[in-house]
$ cat entry-v8.csv   # CSV, C-alpha atoms
chain,number,residue,atom,x,y,z
A,177,MET,CA,-9.1,-20.4,18.6
A,178,ALA,CA,-6.8,-18.2,20.5
A,179,LYS,CA,-5.2,-14.9,19.9
A,180,TYR,CA,-1.9,-14.3,21.5
A,181,GLY,CA,-0.6,-10.9,22.0
A,182,LEU,CA,1.5,-8.6,24.2
A,183,LEU,CA,0.9,-5.8,26.7
A,184,ILE,CA,3.7,-3.3,27.1
A,185,ASP,CA,3.6,-1.0,30.1
A,186,LEU,CA,5.3,2.2,29.0
A,187,SER,CA,5.1,3.7,32.5
A,188,ARG,CA,7.4,0.8,33.6
A,189,CYS,CA,9.8,0.7,30.7
A,190,ILE,CA,13.2,2.0,31.7
A,191,GLY,CA,14.7,1.8,28.2
A,192,CYS,CA,17.3,-0.8,29.0
A,193,ARG,CA,16.9,-2.6,25.7
A,194,ALA,CA,17.2,-6.0,27.3
A,195,CYS,CA,14.2,-7.1,25.1
A,196,GLU,CA,16.0,-5.9,22.0
A,197,ALA,CA,19.1,-7.9,22.9
A,198,ALA,CA,17.2,-11.0,23.9
A,199,CYS,CA,15.2,-10.9,20.7
A,200,LYS,CA,18.4,-10.7,18.6
A,201,VAL,CA,20.1,-13.6,20.4
A,202,GLU,CA,17.0,-15.7,20.4
A,203,ASN,CA,16.2,-15.2,16.8
A,204,PHE,CA,19.5,-15.0,15.0
A,205,VAL,CA,18.8,-11.4,14.0
A,206,PRO,CA,21.9,-10.1,12.3
A,207,PRO,CA,23.7,-6.8,13.1
A,208,GLY,CA,22.0,-3.7,11.8
A,209,LYS,CA,18.6,-5.4,11.8
A,210,TYR,CA,15.9,-5.5,14.5
A,211,TRP,CA,12.7,-7.4,15.0
A,212,LEU,CA,12.2,-5.5,18.2
A,213,TYR,CA,13.4,-1.9,18.5
A,214,VAL,CA,13.2,0.5,21.4
A,215,LEU,CA,12.3,4.0,20.1
A,216,GLU,CA,13.5,6.8,22.3
A,217,TRP,CA,13.1,10.5,22.3
A,218,GLU,CA,13.1,13.5,24.7
A,219,MET,CA,10.2,15.8,25.5
A,220,GLY,CA,9.9,19.2,27.1
A,221,GLU,CA,12.4,21.8,28.0
A,222,TYR,CA,14.7,22.0,31.0
A,223,PRO,CA,13.9,21.6,33.9
A,224,ASN,CA,10.7,20.0,32.7
A,225,VAL,CA,12.1,17.2,30.6
A,226,LYS,CA,11.2,13.6,30.1
A,227,ARG,CA,12.6,10.7,28.1
A,228,VAL,CA,10.2,8.4,26.4
A,229,PHE,CA,10.9,4.8,25.4
A,230,VAL,CA,8.6,2.8,23.2
A,231,PRO,CA,9.6,-0.8,22.5
A,232,MET,CA,8.0,-1.9,19.3
A,233,ASN,CA,7.9,-5.2,17.4
A,234,CYS,CA,5.5,-6.8,14.9
A,235,MET,CA,2.0,-6.0,16.1
A,236,HIS,CA,0.6,-9.4,14.8
A,237,CYS,CA,-2.4,-7.4,13.6
A,238,GLU,CA,-5.9,-8.8,13.3
A,239,ASN,CA,-6.1,-7.1,9.9
A,240,PRO,CA,-2.5,-7.0,8.8
A,241,ALA,CA,-1.6,-4.7,5.9
A,242,CYS,CA,1.3,-7.0,4.9
A,243,ILE,CA,-1.0,-9.9,3.9
A,244,PRO,CA,-3.0,-8.1,1.2
A,245,ALA,CA,0.2,-6.3,0.0
A,246,CYS,CA,2.0,-9.6,-0.7
A,247,PRO,CA,1.5,-10.6,-4.3
A,248,VAL,CA,2.5,-14.3,-3.7
A,249,ASN,CA,0.6,-14.9,-0.4
A,250,ALA,CA,3.8,-15.6,1.5
A,251,ILE,CA,2.4,-14.1,4.7
A,252,THR,CA,-0.2,-15.8,6.8
A,253,LYS,CA,-1.8,-15.4,10.1
A,254,ASN,CA,-2.0,-18.7,12.0
A,255,GLU,CA,-4.8,-20.0,14.2
A,256,TYR,CA,-3.1,-18.5,17.3
A,257,GLY,CA,-3.0,-15.1,15.8
A,258,VAL,CA,0.6,-15.1,14.8
A,259,VAL,CA,1.6,-13.4,11.5
A,260,LEU,CA,4.4,-15.4,9.9
A,261,VAL,CA,6.4,-15.0,6.6
A,262,ASP,CA,7.0,-18.2,4.5
A,263,TYR,CA,10.6,-17.7,3.4
A,264,ASN,CA,10.2,-20.3,0.6
A,265,LYS,CA,7.3,-18.4,-1.0
A,266,CYS,CA,8.7,-14.9,-0.5
A,267,ILE,CA,10.0,-13.2,-3.6
A,268,GLY,CA,11.7,-10.3,-1.8
A,269,CYS,CA,9.6,-7.6,-3.6
A,270,LYS,CA,9.4,-5.6,-0.3
A,271,TYR,CA,5.7,-4.7,-0.8
A,272,CYS,CA,5.0,-5.8,2.8
A,273,VAL,CA,7.8,-3.5,4.0
A,274,ALA,CA,6.1,-0.6,2.1
A,275,ALA,CA,2.7,-1.4,3.5
A,276,CYS,CA,3.4,-2.0,7.2
A,277,PRO,CA,2.6,1.2,9.1
A,278,TYR,CA,4.7,0.0,12.0
A,279,GLY,CA,7.9,-0.7,10.0
A,280,ALA,CA,7.9,-4.2,11.5
A,281,ILE,CA,9.3,-6.0,8.4
A,282,ASP,CA,12.8,-5.9,7.1
A,283,ILE,CA,14.8,-7.8,4.5
A,284,TYR,CA,17.5,-10.4,5.5
A,285,GLU,CA,20.6,-9.4,3.6
A,286,GLY,CA,22.8,-12.3,4.6
A,287,GLY,CA,26.6,-11.7,4.7
A,288,GLU,CA,29.0,-12.1,7.6
A,289,TRP,CA,28.0,-10.6,10.9
A,290,PHE,CA,31.5,-9.5,11.6
A,291,PRO,CA,33.9,-9.3,8.7
A,292,GLY,CA,36.7,-11.8,8.6
A,293,SER,CA,35.4,-14.6,10.8
A,294,LYS,CA,32.1,-16.4,11.5
A,295,THR,CA,30.7,-16.3,15.0
A,296,PRO,CA,29.9,-19.7,16.6
A,297,TYR,CA,26.3,-18.6,16.4
A,298,GLU,CA,26.4,-18.2,12.6
A,299,LEU,CA,28.0,-21.6,12.3
A,300,ILE,CA,24.8,-23.4,13.4
A,301,PRO,CA,23.6,-24.9,10.1
A,302,PRO,CA,20.2,-23.9,8.9
A,303,GLU,CA,18.9,-27.5,9.2
A,304,LYS,CA,19.7,-27.4,13.0
A,305,ARG,CA,17.6,-24.2,13.4
A,306,HIS,CA,13.9,-23.9,13.8
A,307,PRO,CA,12.3,-23.4,10.3
A,308,LEU,CA,11.4,-19.9,11.4
A,309,HIS,CA,15.1,-19.1,11.7
A,310,ARG,CA,16.1,-20.5,8.2
A,311,PHE,CA,16.2,-17.0,6.7
A,312,GLN,CA,16.9,-16.5,3.0
A,313,LYS,CA,18.9,-13.7,1.5
A,314,GLY,CA,16.9,-10.9,0.0
A,315,LYS,CA,13.7,-12.1,1.6
A,316,ALA,CA,11.4,-10.6,4.3
A,317,PHE,CA,11.7,-11.5,8.0
A,318,LYS,CA,10.2,-10.2,11.1
A,319,CYS,CA,9.2,-10.9,14.7
A,320,THR,CA,7.4,-14.3,15.1
A,321,LEU,CA,6.2,-13.6,18.7
A,322,CYS,CA,8.7,-16.4,19.5
A,323,TYR,CA,6.3,-18.9,18.0
A,324,HIS,CA,9.2,-21.4,17.9
A,325,ARG,CA,9.2,-21.3,21.7
A,326,TRP,CA,5.6,-22.0,22.3
A,327,GLY,CA,4.1,-23.4,19.1
A,328,GLU,CA,4.6,-27.0,20.0
A,329,ALA,CA,3.3,-26.5,23.5
A,330,VAL,CA,0.1,-24.9,22.4
A,331,GLU,CA,-0.4,-27.8,19.9
A,332,ARG,CA,-0.2,-30.2,22.8
A,333,GLY,CA,-2.9,-28.2,24.6
A,334,GLU,CA,-0.6,-26.4,27.0
A,335,LYS,CA,-1.2,-22.8,27.6
A,336,PRO,CA,1.9,-20.9,26.4
A,337,GLY,CA,3.5,-18.2,28.6
A,338,THR,CA,3.0,-20.2,31.8
A,339,ARG,CA,6.5,-21.5,31.8
A,340,PRO,CA,9.7,-19.6,30.9
A,341,GLU,CA,10.3,-22.1,28.1
A,342,THR,CA,7.1,-21.2,26.4
A,343,THR,CA,7.3,-17.4,26.9
A,344,PRO,CA,8.6,-15.0,24.3
A,345,ALA,CA,12.3,-14.0,25.0
A,346,CYS,CA,11.5,-10.3,25.2
A,347,VAL,CA,8.9,-10.9,28.0
A,348,LEU,CA,11.2,-13.1,30.0
A,349,VAL,CA,14.1,-10.7,30.2
A,350,CYS,CA,12.4,-7.5,31.0
A,351,PRO,CA,13.7,-6.4,34.4
A,352,ALA,CA,10.9,-4.0,35.0
A,353,GLY,CA,8.1,-6.4,34.3
A,354,ALA,CA,6.9,-4.0,31.6
A,355,ARG,CA,6.0,-6.8,29.1
A,356,MET,CA,3.2,-9.3,29.4
A,357,PHE,CA,2.2,-12.1,27.1
A,358,GLY,CA,-1.2,-13.7,26.9
A,359,ASP,CA,-4.3,-14.9,25.1
A,360,LEU,CA,-6.4,-11.9,24.2
A,361,GLU,CA,-9.4,-14.2,23.6
A,362,ASP,CA,-9.3,-15.9,27.0
A,363,PRO,CA,-11.3,-13.8,29.4
A,364,SER,CA,-9.6,-15.5,32.3
A,365,ASP,CA,-6.1,-14.5,31.1
A,366,PRO,CA,-4.8,-11.7,33.3
A,367,ILE,CA,-3.6,-9.8,30.3
A,368,ASN,CA,-7.2,-8.9,29.5
A,369,SER,CA,-8.1,-7.5,32.8
A,370,ARG,CA,-4.9,-5.4,32.8
A,371,ILE,CA,-5.7,-4.0,29.3
A,372,ALA,CA,-9.1,-3.0,30.5
A,373,GLU,CA,-8.0,-1.7,33.9
A,374,LYS,CA,-5.2,0.4,32.5
A,375,ARG,CA,-7.1,1.4,29.3
A,376,ALA,CA,-4.3,0.1,27.2
A,377,ILE,CA,-4.2,1.4,23.7
A,378,GLN,CA,-3.2,0.0,20.3
A,379,LEU,CA,-0.8,2.1,18.1
A,380,LYS,CA,-2.0,3.8,14.9
A,381,LYS,CA,-5.6,2.7,15.2
A,382,GLU,CA,-6.5,4.9,12.2
A,383,PHE,CA,-5.0,2.2,9.9
A,384,GLY,CA,-7.7,-0.3,11.0
A,385,THR,CA,-5.0,-3.0,11.4
A,386,ARG,CA,-6.2,-3.8,15.0
A,387,PRO,CA,-2.8,-4.7,16.6
A,388,GLN,CA,-2.5,-7.5,19.1
A,389,VAL,CA,0.1,-5.5,21.0
A,390,TYR,CA,-1.3,-3.2,23.5
A,391,TYR,CA,0.4,-0.3,25.3
A,392,ILE,CA,-0.2,1.1,28.8
A,393,THR,CA,0.6,4.8,28.5
A,394,THR,CA,-0.2,6.1,32.1
A,395,GLY,CA,1.0,5.0,35.4
B,184,MET,CA,-30.2,28.2,-89.0
B,185,SER,CA,-27.8,25.7,-87.9
B,186,GLU,CA,-26.0,28.4,-85.9
B,187,ALA,CA,-29.3,29.5,-84.2
B,188,GLY,CA,-30.1,25.8,-83.4
B,189,GLY,CA,-26.6,25.4,-81.9
B,190,VAL,CA,-27.2,28.5,-79.6
B,191,GLY,CA,-30.6,27.0,-78.5
B,192,ALA,CA,-29.0,23.7,-77.6
B,193,TRP,CA,-26.4,25.6,-75.5
B,194,LYS,CA,-29.1,27.5,-73.7
B,195,ILE,CA,-31.0,24.3,-72.9
B,196,ALA,CA,-27.8,22.6,-71.8
B,197,THR,CA,-26.9,25.6,-69.5
B,198,ALA,CA,-30.4,25.7,-68.0
B,199,VAL,CA,-30.3,21.9,-67.3
B,200,PHE,CA,-26.9,22.3,-65.7
B,201,VAL,CA,-28.1,25.2,-63.5
B,202,ILE,CA,-31.3,23.3,-62.5
B,203,LEU,CA,-29.3,20.1,-61.7
B,204,THR,CA,-26.8,22.1,-59.7
B,205,ILE,CA,-29.6,23.8,-57.6
B,206,ILE,CA,-31.3,20.4,-57.0
B,207,SER,CA,-28.0,18.7,-55.9
B,208,LEU,CA,-27.0,21.7,-53.8
B,209,GLY,CA,-30.5,21.5,-52.1
B,210,LEU,CA,-30.2,17.8,-51.6
B,211,TYR,CA,-26.8,18.2,-50.2
B,212,ILE,CA,-27.9,20.9,-47.8
B,213,LEU,CA,-31.1,19.2,-46.7
B,214,HIS,CA,-29.6,15.7,-46.4
B,215,PRO,CA,-29.1,14.7,-42.7
B,216,ARG,CA,-25.6,13.4,-42.3
B,217,THR,CA,-23.5,11.5,-39.8
B,218,VAL,CA,-20.3,13.2,-38.8
B,219,THR,CA,-17.7,11.5,-36.7
B,220,LYS,CA,-16.0,14.1,-34.5
B,221,THR,CA,-13.0,13.1,-32.4
B,222,GLN,CA,-12.2,15.5,-29.7
B,223,VAL,CA,-8.8,14.9,-28.2
B,224,VAL,CA,-8.0,16.2,-24.8
B,225,THR,CA,-4.3,15.8,-24.2
B,226,SER,CA,-3.4,14.4,-20.8
B,227,PRO,CA,-0.8,11.9,-19.6
B,228,VAL,CA,-3.3,9.1,-19.6
B,229,THR,CA,-6.8,9.2,-21.1
B,230,THR,CA,-9.8,7.0,-21.4
B,231,THR,CA,-12.0,6.6,-24.5
B,232,TYR,CA,-15.7,6.2,-24.4
B,233,THR,CA,-18.5,6.4,-27.0
B,234,THR,CA,-21.7,8.2,-26.6
B,235,THR,CA,-24.6,9.1,-28.9
B,236,LYS,CA,-25.4,12.7,-29.1
B,237,THR,CA,-28.1,14.7,-31.0
B,238,PHE,CA,-26.9,17.8,-32.7
B,239,THR,CA,-29.2,20.5,-33.9
B,240,THR,CA,-27.7,22.7,-36.6
B,241,THR,CA,-29.2,25.6,-38.4
B,242,TYR,CA,-28.0,26.2,-42.0
B,243,THR,CA,-28.5,29.4,-43.8
B,244,THR,CA,-28.2,29.1,-47.5
B,245,ILE,CA,-28.1,31.8,-50.1
B,246,SER,CA,-29.2,30.1,-53.3
B,247,PRO,CA,-28.1,31.2,-56.8
B,248,THR,CA,-31.5,32.8,-57.2
B,249,THR,CA,-30.8,35.0,-54.1
B,250,VAL,CA,-33.5,33.4,-52.0
B,251,THR,CA,-32.6,33.1,-48.4
B,252,LYS,CA,-33.5,29.7,-47.0
B,253,GLU,CA,-33.4,28.6,-43.4
B,254,LYS,CA,-33.5,25.0,-42.5
B,255,THR,CA,-33.0,23.2,-39.2
B,256,VAL,CA,-31.4,19.8,-39.6
B,257,THR,CA,-31.3,17.3,-36.7
B,258,SER,CA,-28.7,14.6,-37.0
B,259,VAL,CA,-27.8,11.8,-34.6
B,260,GLU,CA,-24.1,11.3,-34.4
B,261,THR,CA,-21.8,8.8,-32.7
B,262,VAL,CA,-19.1,10.6,-31.0
B,263,THR,CA,-15.9,9.1,-29.7
B,264,GLN,CA,-14.5,11.3,-27.0
B,265,THR,CA,-11.3,11.1,-25.1
B,266,LYS,CA,-11.2,12.4,-21.6
B,267,THR,CA,-8.7,12.7,-18.8
B,268,ALA,CA,-8.9,9.5,-16.8
B,269,SER,CA,-9.8,10.0,-13.2
B,270,LEU,CA,-7.8,8.4,-10.4
B,271,ALA,CA,-10.5,5.7,-10.1
B,272,ASP,CA,-10.3,5.0,-13.8
B,273,LEU,CA,-6.5,4.6,-13.6
B,274,ALA,CA,-6.8,2.4,-10.6
B,275,ARG,CA,-9.2,0.1,-12.4
B,276,MET,CA,-7.2,0.1,-15.6
B,277,ILE,CA,-4.1,-0.9,-13.7
B,278,ARG,CA,-5.9,-3.7,-11.8
B,279,GLU,CA,-7.4,-4.9,-15.1
B,280,GLY,CA,-4.0,-4.9,-16.8
B,281,GLN,CA,-5.0,-2.2,-19.4
B,282,ILE,CA,-2.0,-0.1,-18.5
B,283,ASP,CA,1.4,-1.6,-18.8
B,284,VAL,CA,3.2,-1.1,-15.5
B,285,GLY,CA,5.7,-3.9,-15.9
B,286,THR,CA,5.6,-7.5,-14.5
B,287,GLU,CA,8.2,-7.5,-11.8
B,288,TYR,CA,6.8,-6.9,-8.4
B,289,SER,CA,9.4,-4.8,-6.7
B,290,LEU,CA,9.9,-1.6,-4.8
B,291,GLU,CA,12.9,-0.7,-6.8
B,292,PHE,CA,12.6,2.4,-8.9
B,293,GLY,CA,11.8,1.5,-12.4
B,294,LYS,CA,9.7,-1.6,-11.5
B,295,ARG,CA,6.0,-2.1,-10.8
B,296,TYR,CA,5.5,-0.2,-7.5
B,297,HIS,CA,7.1,3.1,-8.7
B,298,ASN,CA,5.8,2.7,-12.2
B,299,ILE,CA,2.3,2.7,-10.8
B,300,HIS,CA,2.6,5.4,-8.2
B,301,ALA,CA,5.2,7.8,-9.6
B,302,ILE,CA,4.6,7.4,-13.4
B,303,VAL,CA,1.0,6.3,-14.1
B,304,LEU,CA,-0.5,8.1,-11.1
B,305,GLY,CA,2.0,10.9,-11.5
B,306,LEU,CA,2.6,11.4,-7.8
B,307,SER,CA,5.8,13.4,-7.3
B,308,CYS,CA,8.6,11.9,-5.3
B,309,ASN,CA,8.0,14.2,-2.3
B,310,THR,CA,4.4,13.2,-2.0
B,311,CYS,CA,5.7,10.1,-0.3
B,312,HIS,CA,9.4,10.8,0.3
B,313,GLN,CA,9.0,13.8,2.4
B,314,ALA,CA,12.1,14.3,4.6
B,315,LYS,CA,15.4,12.8,5.4
B,316,THR,CA,14.3,11.8,8.9
B,317,TYR,CA,11.1,10.9,10.7
B,318,PRO,CA,9.8,13.1,13.5
B,319,ALA,CA,11.2,11.9,16.9
B,320,ASP,CA,7.8,10.6,18.0
B,321,TYR,CA,7.0,8.8,14.7
B,322,LEU,CA,6.3,5.2,15.8
B,323,TYR,CA,8.1,3.2,13.2
B,324,ILE,CA,10.5,0.3,13.9
B,325,ARG,CA,12.4,0.4,10.6
B,326,LYS,CA,13.4,4.0,11.3
B,327,TYR,CA,16.9,2.7,12.0
B,328,VAL,CA,17.4,1.6,8.4
B,329,ALA,CA,15.0,3.9,6.5
B,330,GLU,CA,16.8,7.1,7.8
B,331,LYS,CA,20.2,5.7,7.0
B,332,MET,CA,19.0,4.9,3.5
B,333,ALA,CA,17.6,8.4,3.1
B,334,GLU,CA,20.8,10.0,4.3
B,335,GLU,CA,23.0,7.9,2.0
B,336,GLY,CA,20.8,8.8,-0.9
B,337,GLU,CA,19.5,5.3,-1.6
B,338,ILE,CA,16.0,6.7,-1.3
B,339,PRO,CA,14.9,10.3,-1.9
B,340,GLY,CA,13.5,10.5,1.7
B,341,VAL,CA,11.7,8.5,4.3
B,342,VAL,CA,8.0,7.7,3.8
B,343,ASP,CA,5.3,8.3,6.3
B,344,ARG,CA,2.9,5.4,5.8
B,345,GLY,CA,0.0,7.8,6.5
B,346,VAL,CA,0.3,8.8,2.9
B,347,CYS,CA,-0.9,5.4,1.7
B,348,LEU,CA,-4.0,5.4,3.9
B,349,GLY,CA,-6.2,7.7,1.7
B,350,CYS,CA,-6.0,5.5,-1.4
B,351,HIS,CA,-5.6,2.1,0.2
B,352,ARG,CA,-8.3,2.2,2.9
B,353,SER,CA,-11.6,0.3,2.7
B,354,ASN,CA,-13.7,1.8,-0.1
B,355,GLY,CA,-10.7,3.7,-1.4
B,356,VAL,CA,-9.7,4.0,-5.0
B,357,ALA,CA,-6.9,1.4,-4.8
B,358,HIS,CA,-7.0,-2.1,-3.5
B,359,GLU,CA,-7.6,-2.4,0.2
B,360,LEU,CA,-4.5,-2.7,2.4
B,361,TYR,CA,-5.9,-1.1,5.5
B,362,LYS,CA,-9.3,-2.0,6.8
B,363,ALA,CA,-10.0,1.5,7.8
B,364,TYR,CA,-13.4,2.9,7.0
B,365,TYR,CA,-14.4,6.5,7.1
B,366,GLY,CA,-17.9,6.5,5.5
B,367,PRO,CA,-18.9,5.9,2.0
B,368,GLY,CA,-16.2,7.9,0.1
B,369,LEU,CA,-15.0,6.8,-3.2
B,370,THR,CA,-15.6,3.2,-4.3
B,371,SER,CA,-13.0,1.4,-6.3
B,372,GLY,CA,-15.5,1.1,-9.2
B,373,ALA,CA,-16.5,4.8,-9.4
B,374,GLY,CA,-15.7,6.2,-12.8
B,375,GLY,CA,-16.2,9.9,-13.8

$ encode --input "entry-v8.csv" --output "structure tokens"
Amino acid sequence: MAKYGLLIDLSRCIGCRACEAACKVENFVPPGKYWLYVLEWEMGEYPNVKRVFVPMNCMHCENPACIPACPVNAITKNEYGVVLVDYNKCIGCKYCVAACPYGAIDIYEGGEWFPGSKTPYELIPPEKRHPLHRFQKGKAFKCTLCYHRWGEAVERGEKPGTRPETTPACVLVCPAGARMFGDLEDPSDPINSRIAEKRAIQLKKEFGTRPQVYYITTG
Amino acid sequence: MSEAGGVGAWKIATAVFVILTIISLGLYILHPRTVTKTQVVTSPVTTTYTTTKTFTTTYTTISPTTVTKEKTVTSVETVTQTKTASLADLARMIREGQIDVGTEYSLEFGKRYHNIHAIVLGLSCNTCHQAKTYPADYLYIRKYVAEKMAEEGEIPGVVDRGVCLGCHRSNGVAHELYKAYYGPGLTSGAGG
């Protein structure tokens, strides 16, 4: 058993949205939709002002609200702690969209990315894509923690996140080193000491979802 | 003679009639009876339950012979009452399929999700759809599309998922979506 998750250091995040872009490119996320979104707002009054950036993606909760909400059991949490949608089972009822307190799930609406022509990217046929990227119109899709990048490695017994090829795209591209990926159940994984040391928090704990994405809020 | 005999027969007949009337009236008054009362409380949705109640009624009768009689009659009655269903009753009835909320699982207005929340439970739209935009610090990824939908009128407003917590937490009235526990509270089965 393992439980993979992320640690996001908000004191380091500079709001460049590289993670957002990398996620879209890596995962064929169409225009207007995001699996990872950087929330941004301003605080205070001049001259005492501050901008806050909060990158958010699926929290891969230990107690996900989307799973009991799904009437057809299309959402599962695998043995590595990753919550995934089965596009073949999904009926597009959007109950998971309604239930998720983090707004992590959206509906794939198909259509052309840019009207008039298909991008080379869209021309890659579904059968040449990883099953997690074979979206279906009108059905739910969301962040997979880049399971397609490290799923095979972990099956072979390799520890994911130790090579760039087995690390989630958002973590790889962060220029500020604000993102960290690791096994929350492995005491020797540096992610855990960092969570403890920085007293990292989980978002919206009141829902009892127990997210596997932690946030460092102080420097 | 024959006339006098006829008058006598009339008198006897009248007396018998009066006596029979008094006896039957008495029997009627003293007889314990079973009355079925149906008390209907109007409400959008109601539940029906049956209870046995003991009624004590005092009858005061003025008999044709001007004697005042008082008699206490105790009768056991089966009463079918209809009462306003509580939230827990409704939740149970929806789960058990006793209330028709449609068969199509969908968030679309007019299908199961809104039939349950907006029609059967009677929650007004703005209980959930509160504003056109979320507060700046509301930590919600789908903000980008939910706000656009609200502005374009596809939905009456954005929904803060905190609204769902009260009913869908552990031990809440509705099925558990959030494993959040705040003490005993209501249990899904609680009636009354």

$ closest_atom_pairs --input "entry-v8.csv" --of "stretch 299-358 of chain A" --to "stretch 233-237 of chain A" --cutoff "8 Å" --atoms "all atoms listed in the file" --output "CSV"
residue,atom,partner,partner_atom,distance
A:Lys318,CA,A:Cys234,CA,6.9
A:Cys319,CA,A:Cys234,CA,5.5
A:Thr320,CA,A:Cys234,CA,7.7
A:Leu321,CA,A:Cys234,CA,7.8

$ closest_residue --input "entry-v8.csv" --among "B:Cys308, B:Ile299, B:Leu348, B:Val199" --to "B:Ala274" --atoms "all atoms listed in the file"
B:Ile299

$ closest_residue --input "entry-v8.csv" --among "A:Pro231, A:Pro244, A:Gly292, A:Pro336" --to "A:Tyr391" --atoms "all atoms listed in the file"
A:Pro231

$ atom_distance --input "entry-v8.csv" --atom1 "atom CA of B:Leu213" --atom2 "atom CA of B:Ser258"
11.0 Å

$ closest_atom_pairs --input "entry-v8.csv" --of "chain B" --to "chain A" --cutoff "6 Å" --atoms "only C-alpha atoms" --output "CSV"
residue,atom,partner,partner_atom,distance
B:Tyr288,CA,A:Cys269,CA,5.6
B:Ser289,CA,A:Cys269,CA,4.2
B:Ala319,CA,A:Trp217,CA,5.9
B:Tyr323,CA,A:Tyr278,CA,4.8
B:Ile324,CA,A:Gly279,CA,4.8
B:Arg325,CA,A:Gly279,CA,4.7
B:Arg344,CA,A:Pro277,CA,5.3
B:Leu360,CA,A:Ala241,CA,5.0
B:Tyr361,CA,A:Phe383,CA,5.6
B:Lys362,CA,A:Gly384,CA,4.8
B:Ala363,CA,A:Gly384,CA,4.3

$ residues_around --input "entry-v8.csv" --residues "A:Thr338" --least-positions-apart "2" --cutoff "12 Å" --atoms "only C-alpha atoms" --output "PyMOL selection string"
chain A and resi 325-326+329-330+334-336+340-344+347-348+356-359+365-366

$ closest_residue --input "entry-v8.csv" --among "A:Pro296, A:Gly287, A:Gly191, A:Gly257" --to "A:Glu361" --atoms "only C-alpha atoms"
A:Gly257

$ atom_distance --input "entry-v8.csv" --atom1 "atom CA of B:Leu203" --atom2 "atom CA of B:Val259"
28.4 Å

$ atom_distance --input "entry-v8.csv" --atom1 "atom CA of B:Cys311" --atom2 "atom CA of B:Val342"
5.3 Å

$ residues_around --input "entry-v8.csv" --residues "A:Thr252" --least-positions-apart "5" --cutoff "9 Å" --atoms "all atoms listed in the file" --output "number ranges by chain"
A: 243, 258-262

$ closest_residue --input "entry-v8.csv" --among "B:Lys326, B:Gly305, B:Arg295, B:Gly340" --to "B:Gly280" --atoms "only C-alpha atoms"
B:Arg295
